[in-house]
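Data block below; observations after.
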Amino acid sequence: MQVRAWESARGASYEQAYRAGGKAGRSAVLTLVTGGAGEPASPPAQLFGIQSFRLEREAEPPVVTVSSPLAGTTPDERFSLTGQVTDAIALGEVRWEWNGANQGLLTLDGEGRFQVAGRRLLPGDNRLVIHATDAAGNASQAEVVAVWEPLRVIEWDAVDPVREGRRVQAPLAFRSPGEVSGLTFVVRYDPEQFRDPALSWAPGVLLAGALAQVSDGTAGEVRATLSLPGAVLPAGRQPLATLTLRARSVPGLTMARLESQVLDVADREGTPLAFGNLGQPLTLEIQPRQLVGDANGNGALDVGDATLIQRLIARLDLPRAWDVVLNDLNQNLDLDSGDVVKILRVLVGLDPAPAPGRLVRLATSMAPAQVRTASFADAGAASNARLNLIASTTVVWPGARLVVRVNLAEAPATTSGVAFTLNYPANALRLAGEPGYRTGEAVPPGSVALWNPDEAAGRLSFAAAGAQVWPGTTGMLAEVTFERLAQPAGQALVVTVDPAQVALEGGFEVESLPAASVILTDHMPRIDASVTRTDDGWEITFDTADGAGYRLEASSDLVVWETISTHRGQGGKLRVTDPDTTWHAQRFYRLLLVP
């Protein structure tokens, strides 16, 4: 008697189960006397010689070979994964990994061959592992490590962390063997994290005859191309360009990523260099604000913040959830004109700056922000913008009225807000009329404007901001009417504007405007009729008022005037000598009041 056994789940017969790699076995062939024969039947006999047996699984693992890519270092990142897997009985599944990440199952042909085409190696080590199992569960693997070292690389210089609302400058460099005449690349960024991109080429990249173009009109990417007919970029690592981006508001400390990709490279003959090109990424840190309402992230409440909040209210910039929380100064869980008014009240001195309890503490590793209003007195002007004080007259008698206009001059086209404080001698001038001041035409309709007069201190503060860019960059911001008091007499009066603020670039930038002043007096500057000749030149005499500034000028034709000297009056007569002793057919003098 012969007995066979197998796992029924592996097949309907012993042969099928064996081919499937399942457990199978057979007993020895035995001759057994079992009894039960004859007529009448004999009783069953005692069974002797029966042997036990076991089921054994097929134990030979599959054989795996990888023919591509080859192990070692290569400049060409293109590869196809090819190889073969065989087994003595029957294969189960074959899968592959790339640097520890499962890439799925491989499809085998009738000979056990596999191919995955159109892949590119990653920079550095690429560990490719093929895992195979047969029907019996036997496993084996083959591994190859291919190292890609690109020939041409766009890479970034180190970039410091940037505070939200501020601009980040990210320099790019290009490293190559030196055969590149044409290059096209793209930089991608998250529009939720950055805005207002601009790319400028590095000095020296635009060689003679170079053709360059930058496109940044698509949100989230900047494309740039460079062609150097008849020339090549120098070998080695060379500065390529600088990308600047405005960091948007963030809900907390954020790690942002900039991706660069080389789209095409060509040599001097225009032949494409199709492989060995890499664009590296850059990870940089965006730090959140620490002061509620500081929408431009410069550490202070200023007129630029008022502009930015108005843009959010008007949906010129779409607010995210955290934009509401971080700018809700009136704490009504919404963005509205009240939040803008809150900032302007701080700027004109109606309210104090926010207390430390209003700081936004989203990143404990950051130092506390300075709680202050922004004077920007030491910031330095970045443009020719200025405030001019224009007085209706410089000679003001007691009881007379004086109109002083504050004019904005040569402001950038991106202006959207201004804040300033006008100082005047309270013992000599007082506001006239109701209320004695008005907003000028340079502040367009739709802007929020706020005044704060302090007549006891001789101070008048003004702030205005709008969501849109102001159409005029020159014009009157404010007009103030004063009445001259009786006292003090015989003294120079000075009206000044402190260093002021102007909001630019949608409120993200706030520039400092220099102080301005105008000198007033209750006497006319007048040269005495007697101008005498001395050995040192002509001597000119004139009366002065205490504290007033004077500039003496001379001319020979009443067209071209030259400054002889400047003086500060002390309330008496002043004698000045013109040192020009050259003979003139005629000589004219004039005396001017100056700050």
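Naming scheme: A, B, ... for chains in displayed order of the structure tokens; residues 1 onward per chain; ligands 1 onward as shown.
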
Exercise. Can you list every residue in range 217-320 of chain A that DSSP puts in helix (DSSP H, G or I), as JSON, numbers by chain?
Worked result: {"A": [303, 304, 305, 306, 307, 308, 309, 310, 311, 312, 313]}

Problem set entry | Nearest-residue call for Asp125 in chain A, choices A:Ala500, A:Gln141, A:Ala71, A:Thr184, using only C-alpha atoms |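 Of A:Ala500, A:Gln141, A:Ala71, A:Thr184, the one nearest Asp125 in chain A, counting only C-alpha atoms, is A:Ala71.
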
For this session: Determine which residues of range 268-319 of chain A DSSP labels as strand (DSSP E or B) from the backbone of this structure, then write them out as a ChimeraX atom specification.
Result: /A:272,277-279,282-287,291,301

Exercise. Val187 in chain A: which residues within 7 Å, counting only C-alpha atoms, same-chain residues fewer than 2 positions away excluded, as a ChimeraX atom specification?
Worked result: /A:185,189,221-223,258-261

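Residue nearest Arg57 in chain A within the list A:Gln84, A:Thr481, A:Asn138, A:Gln115: A:Asn138 [criterion: smallest interatomic distance, only C-alpha atoms].
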
Near range 271-293 of chain A, 9 Å: range 303-342 of chain A residue rows, closest pairs, only C-alpha atoms, as CSV:
residue,atom,partner,partner_atom,distance
A:Asp305,CA,A:Gly293,CA,6.6
A:Ala306,CA,A:Gly293,CA,8.3
A:Ile309,CA,A:Gly293,CA,8.0
A:Val325,CA,A:Val292,CA,8.2
A:Leu326,CA,A:Val292,CA,5.2
A:Asn327,CA,A:Gly293,CA,4.2
A:Asp328,CA,A:Gly293,CA,6.9
A:Leu329,CA,A:Gly293,CA,6.3
A:Asp339,CA,A:Gly293,CA,8.0
A:Val340,CA,A:Gly293,CA,8.9

Exercise. What lies within 9 Å of Pro398 in chain A using only C-alpha atoms, ignoring chain neighbours under 2 positions off, as an NGL selection string?
Worked result: :A and (396 or 400-401 or 428 or 483-487 or 489 or 522)

Could you write those residues out with C-alpha atoms, as a PDB file, in the first residue's frame?
ATOM      1  CA  VAL A 396       3.140 137.096  11.360  1.00  0.00           C
ATOM      2  CA  ALA A 400      -2.931 137.872  12.262  1.00  0.00           C
ATOM      3  CA  ARG A 401      -3.794 134.470  10.860  1.00  0.00           C
ATOM      4  CA  ALA A 428       2.701 132.266  20.285  1.00  0.00           C
ATOM      5  CA  GLU A 483      -3.809 132.777  15.048  1.00  0.00           C
ATOM      6  CA  ARG A 484      -0.765 134.758  16.226  1.00  0.00           C
ATOM      7  CA  LEU A 485      -0.911 135.613  19.927  1.00  0.00           C
ATOM      8  CA  ALA A 486       0.368 138.903  21.319  1.00  0.00           C
ATOM      9  CA  GLN A 487       3.307 137.382  23.136  1.00  0.00           C
ATOM     10  CA  ALA A 489       7.248 139.588  20.517  1.00  0.00           C
ATOM     11  CA  ASP A 522       7.042 139.352  13.592  1.00  0.00           C
TER      12      ASP A 522
END

Exercise. Excluding same-chain residues fewer than 6 positions from Glu441 in chain A, what lies within 7 Å of it counting only C-alpha atoms, as a list in words?
Worked result: Gly475, Met476 and Leu477 of chain A
